[in-house]
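Chemist: Before I ask anything, here is the structure I am working with.
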Amino acid sequence: MAFWRVFCRALRKHFGYGHIPQKWAHLVNEFLLKHLNPYVNYHRPCFFAEVRIDAKGKQRKRYPYKNMMTPYEKLRSLPGAENYLKPECSFQLLDKIAKGITDNQAAEQMNAAKSKLFQTITERTG
C-alpha cells in the first residue's frame with residue numbers, strides 16, 4: 001500500500017491531475033516503464049515509518065532519518081526478502097539495475113525523457 005501512495009505522488013508530481021487522452025497512453029506507459037518506475041524504485045529515497053504505541057495505546061508514526069531509503073533498499077532489508085521475488089528474478093540482477101547509474105544520472109535521464117514526451121505530445125496536439 002505504501003508503495004502505491006509513493007508512486008501515485010511521484011506520478012502526479014510529473015503529470016499533474018489532468019486527464020491523459022487515450023491516444024497518448026502508449027507513450028506515457030513507455031515513459032513510466034523505462035524511466036519513472038526505475039527512478040522511483042531504485043534512485044528516489046523516501047522515509048519509511050517507525051510505529052510506536054504510546055501509553056494510551058494509540059499508534060504513533062515517526063519517520064527517522066535512519067529509515068530513509070529507496071523502495072528497493074527497503075525490500076532488501078526485509079527478512080526473507082528473496083521469497084518476495086519472482087523465480088526468474090534475483091537480487092544480483094536487481095543490484096545491476098540499481099547500481100548501473102547514479103541517482104543524479106537517473107534523475108537527468110528521467111527529466112530528459114519527460115521533456116521529450118511532453119514535447120512530442122505538444123507538437124502532435126498543437
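Chains: A, B, ... in order of the C-alpha cells. Residues: from 1 per chain. Ligands: from 1, in order shown.
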Would you mind writing down, as a ChimeraX atom specification, each residue of region 3-124 of chain A that DSSP on the backbone assigns to strand (DSSP E)?

Modeler: /A:46-47,50-53,59-62,68-69

Chemist: Suppose we keep C-alpha atoms; can you now write the selection as a PDB file, in the first residue's frame?

Modeler:
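Contents of again_37.pdb, as written:
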ATOM      1  CA  CYS A  46      11.698   8.131   0.801  1.00  0.00           C
ATOM      2  CA  PHE A  47      11.026   7.858   4.525  1.00  0.00           C
ATOM      3  CA  GLU A  50       8.505   3.516  12.549  1.00  0.00           C
ATOM      4  CA  VAL A  51       5.342   2.729  14.532  1.00  0.00           C
ATOM      5  CA  ARG A  52       5.320   3.088  18.309  1.00  0.00           C
ATOM      6  CA  ILE A  53       2.449   2.521  20.707  1.00  0.00           C
ATOM      7  CA  GLN A  59      -0.142   4.183  17.252  1.00  0.00           C
ATOM      8  CA  ARG A  60       2.356   6.986  16.674  1.00  0.00           C
ATOM      9  CA  LYS A  61       4.310   7.040  13.455  1.00  0.00           C
ATOM     10  CA  ARG A  62       7.745   8.570  13.331  1.00  0.00           C
ATOM     11  CA  MET A  68      15.235   6.952   4.655  1.00  0.00           C
ATOM     12  CA  MET A  69      15.984   4.624   1.733  1.00  0.00           C
TER      13      MET A  69
END

Chemist: Could you list, as an MDAnalysis selection string, every residue within 12 Å of Arg76 (chain A), counting only C-alpha atoms and ignoring same-chain residues fewer than 2 positions away?

Modeler: chainID A and resid 41:42 69:74 78:85 90:92 94:95 98

Chemist: Hey, can you spit out that residue selection with N, CA and C atoms as a PDB file, in the first residue's frame?

Modeler:
ATOM      1  N   ASN A  41      11.865   3.477  -7.924  1.00  0.00           N
ATOM      2  CA  ASN A  41      12.193   2.268  -7.172  1.00  0.00           C
ATOM      3  C   ASN A  41      13.655   2.151  -6.766  1.00  0.00           C
ATOM      4  N   TYR A  42      14.569   2.634  -7.598  1.00  0.00           N
ATOM      5  CA  TYR A  42      15.991   2.416  -7.342  1.00  0.00           C
ATOM      6  C   TYR A  42      16.766   3.667  -6.937  1.00  0.00           C
ATOM      7  N   MET A  69      15.346   5.501   2.720  1.00  0.00           N
ATOM      8  CA  MET A  69      15.984   4.624   1.733  1.00  0.00           C
ATOM      9  C   MET A  69      15.077   4.507   0.521  1.00  0.00           C
ATOM     10  N   THR A  70      15.602   3.922  -0.526  1.00  0.00           N
ATOM     11  CA  THR A  70      14.779   3.704  -1.712  1.00  0.00           C
ATOM     12  C   THR A  70      13.868   2.501  -1.461  1.00  0.00           C
ATOM     13  N   PRO A  71      12.783   2.371  -2.211  1.00  0.00           N
ATOM     14  CA  PRO A  71      11.930   1.188  -2.048  1.00  0.00           C
ATOM     15  C   PRO A  71      12.702  -0.122  -2.264  1.00  0.00           C
ATOM     16  N   TYR A  72      13.665  -0.111  -3.189  1.00  0.00           N
ATOM     17  CA  TYR A  72      14.473  -1.313  -3.418  1.00  0.00           C
ATOM     18  C   TYR A  72      15.318  -1.645  -2.188  1.00  0.00           C
ATOM     19  N   GLU A  73      15.941  -0.643  -1.585  1.00  0.00           N
ATOM     20  CA  GLU A  73      16.729  -0.878  -0.376  1.00  0.00           C
ATOM     21  C   GLU A  73      15.845  -1.390   0.758  1.00  0.00           C
ATOM     22  N   LYS A  74      14.625  -0.881   0.839  1.00  0.00           N
ATOM     23  CA  LYS A  74      13.689  -1.349   1.860  1.00  0.00           C
ATOM     24  C   LYS A  74      13.335  -2.816   1.625  1.00  0.00           C
ATOM     25  N   LEU A  78      14.175  -6.356   4.255  1.00  0.00           N
ATOM     26  CA  LEU A  78      13.154  -7.200   4.877  1.00  0.00           C
ATOM     27  C   LEU A  78      13.687  -8.606   5.113  1.00  0.00           C
ATOM     28  N   PRO A  79      13.311  -9.228   6.231  1.00  0.00           N
ATOM     29  CA  PRO A  79      13.726 -10.615   6.452  1.00  0.00           C
ATOM     30  C   PRO A  79      13.053 -11.538   5.428  1.00  0.00           C
ATOM     31  N   GLY A  80      13.822 -12.418   4.838  1.00  0.00           N
ATOM     32  CA  GLY A  80      13.285 -13.337   3.832  1.00  0.00           C
ATOM     33  C   GLY A  80      12.881 -12.647   2.549  1.00  0.00           C
ATOM     34  N   ALA A  81      13.581 -11.590   2.199  1.00  0.00           N
ATOM     35  CA  ALA A  81      13.212 -10.794   1.023  1.00  0.00           C
ATOM     36  C   ALA A  81      13.277 -11.604  -0.270  1.00  0.00           C
ATOM     37  N   GLU A  82      14.137 -12.595  -0.332  1.00  0.00           N
ATOM     38  CA  GLU A  82      14.254 -13.420  -1.537  1.00  0.00           C
ATOM     39  C   GLU A  82      12.933 -14.105  -1.875  1.00  0.00           C
ATOM     40  N   ASN A  83      12.132 -14.382  -0.857  1.00  0.00           N
ATOM     41  CA  ASN A  83      10.852 -15.060  -1.062  1.00  0.00           C
ATOM     42  C   ASN A  83       9.834 -14.190  -1.790  1.00  0.00           C
ATOM     43  N   TYR A  84      10.046 -12.870  -1.811  1.00  0.00           N
ATOM     44  CA  TYR A  84       9.111 -11.964  -2.471  1.00  0.00           C
ATOM     45  C   TYR A  84       9.411 -11.788  -3.956  1.00  0.00           C
ATOM     46  N   LEU A  85      10.564 -12.275  -4.402  1.00  0.00           N
ATOM     47  CA  LEU A  85      10.952 -12.119  -5.803  1.00  0.00           C
ATOM     48  C   LEU A  85      10.367 -13.228  -6.662  1.00  0.00           C
ATOM     49  N   SER A  90      16.491 -12.131  -9.404  1.00  0.00           N
ATOM     50  CA  SER A  90      17.374 -12.286  -8.253  1.00  0.00           C
ATOM     51  C   SER A  90      17.876 -10.916  -7.820  1.00  0.00           C
ATOM     52  N   PHE A  91      18.410 -10.859  -6.614  1.00  0.00           N
ATOM     53  CA  PHE A  91      18.954  -9.596  -6.133  1.00  0.00           C
ATOM     54  C   PHE A  91      20.210  -9.206  -6.902  1.00  0.00           C
ATOM     55  N   GLN A  92      20.932 -10.179  -7.433  1.00  0.00           N
ATOM     56  CA  GLN A  92      22.107  -9.852  -8.254  1.00  0.00           C
ATOM     57  C   GLN A  92      21.686  -9.073  -9.492  1.00  0.00           C
ATOM     58  N   LEU A  94      18.855  -7.336  -9.864  1.00  0.00           N
ATOM     59  CA  LEU A  94      18.314  -6.049  -9.431  1.00  0.00           C
ATOM     60  C   LEU A  94      19.419  -5.091  -8.983  1.00  0.00           C
ATOM     61  N   ASP A  95      20.485  -5.635  -8.375  1.00  0.00           N
ATOM     62  CA  ASP A  95      21.620  -4.788  -7.986  1.00  0.00           C
ATOM     63  C   ASP A  95      22.291  -4.159  -9.201  1.00  0.00           C
ATOM     64  N   ALA A  98      20.122  -1.272 -10.144  1.00  0.00           N
ATOM     65  CA  ALA A  98      20.190  -0.194  -9.153  1.00  0.00           C
ATOM     66  C   ALA A  98      21.526   0.544  -9.198  1.00  0.00           C
TER      67      ALA A  98
END

Chemist: If we count only C-alpha atoms and set the cut-off at 12 Å, which residues sit around Lys34 (chain A), ignoring sequence neighbours fewer than 6 positions away in its own chain? Please answer as a list in words.

Modeler: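 The filter keeps Leu27, Val28, Val40, Asn41, Ile97, Ala106, Gln109, Met110, Ala113 and Lys114 of chain A.
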
Chemist: With N, CA and C atoms kept, could you save the residues just selected as a tab-separated table (two decimals), in the first residue's frame?

Modeler:
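Output file result27.tsv follows:
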chain	number	residue	atom	x	y	z
A	27	LEU	N	2.60	6.20	-25.20
A	27	LEU	CA	3.82	6.98	-24.94
A	27	LEU	C	4.04	7.20	-23.45
A	28	VAL	N	2.96	7.49	-22.74
A	28	VAL	CA	3.06	7.69	-21.29
A	28	VAL	C	3.46	6.39	-20.61
A	40	VAL	N	11.93	5.87	-9.44
A	40	VAL	CA	11.25	5.84	-8.15
A	40	VAL	C	11.71	4.64	-7.32
A	41	ASN	N	11.87	3.48	-7.92
A	41	ASN	CA	12.19	2.27	-7.17
A	41	ASN	C	13.66	2.15	-6.77
A	97	ILE	N	20.84	-3.30	-11.95
A	97	ILE	CA	19.97	-2.21	-12.38
A	97	ILE	C	20.13	-1.01	-11.44
A	106	ALA	N	20.18	9.13	-13.14
A	106	ALA	CA	18.83	8.61	-13.33
A	106	ALA	C	17.82	9.75	-13.38
A	109	GLN	N	18.22	11.57	-16.76
A	109	GLN	CA	17.64	10.78	-17.85
A	109	GLN	C	16.12	10.81	-17.80
A	110	MET	N	15.57	10.71	-16.60
A	110	MET	CA	14.11	10.73	-16.46
A	110	MET	C	13.55	12.09	-16.88
A	113	ALA	N	13.72	12.43	-20.67
A	113	ALA	CA	12.67	11.63	-21.31
A	113	ALA	C	11.30	12.28	-21.12
A	114	LYS	N	11.06	12.87	-19.96
A	114	LYS	CA	9.79	13.55	-19.71
A	114	LYS	C	9.65	14.77	-20.62

Chemist: What's the separation between CA of Leu75 (chain A) and CA of Asn111 (chain A), in Å to one decimal place?

Modeler: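 Value for the CA of Leu75 (chain A)-CA of Asn111 (chain A) distance: 25.5 Å.
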
Chemist: Please produce, as CSV, a per-residue contact table for region 36-59 of chain A versus region 11-25 of chain A (criterion: any atom at most 12 Å away, only C-alpha atoms considered), showing the nearest atom pair and its distance in Å to one decimal, sorted by chain then residue number.

Modeler:
residue,atom,partner,partner_atom,distance
A:Leu36,CA,A:Leu11,CA,7.9
A:Asn37,CA,A:Leu11,CA,9.3
A:Tyr39,CA,A:Leu11,CA,11.3
A:Val40,CA,A:Leu11,CA,9.5

Chemist: Which of region 6-104 of chain A counts as helix (DSSP H, G or I) under DSSP, as a PyMOL selection string please?

Modeler: chain A and resi 6-15+22-43+65-67+71-77+81-84+91-99+103-104

Chemist: So what do you get for CA of Ala112 (chain A) versus CA of Pro38 (chain A), distance-wise?

Modeler: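 Taking CA of Ala112 (chain A) as the start and CA of Pro38 (chain A) as the end point, the length is 14.4 Å.
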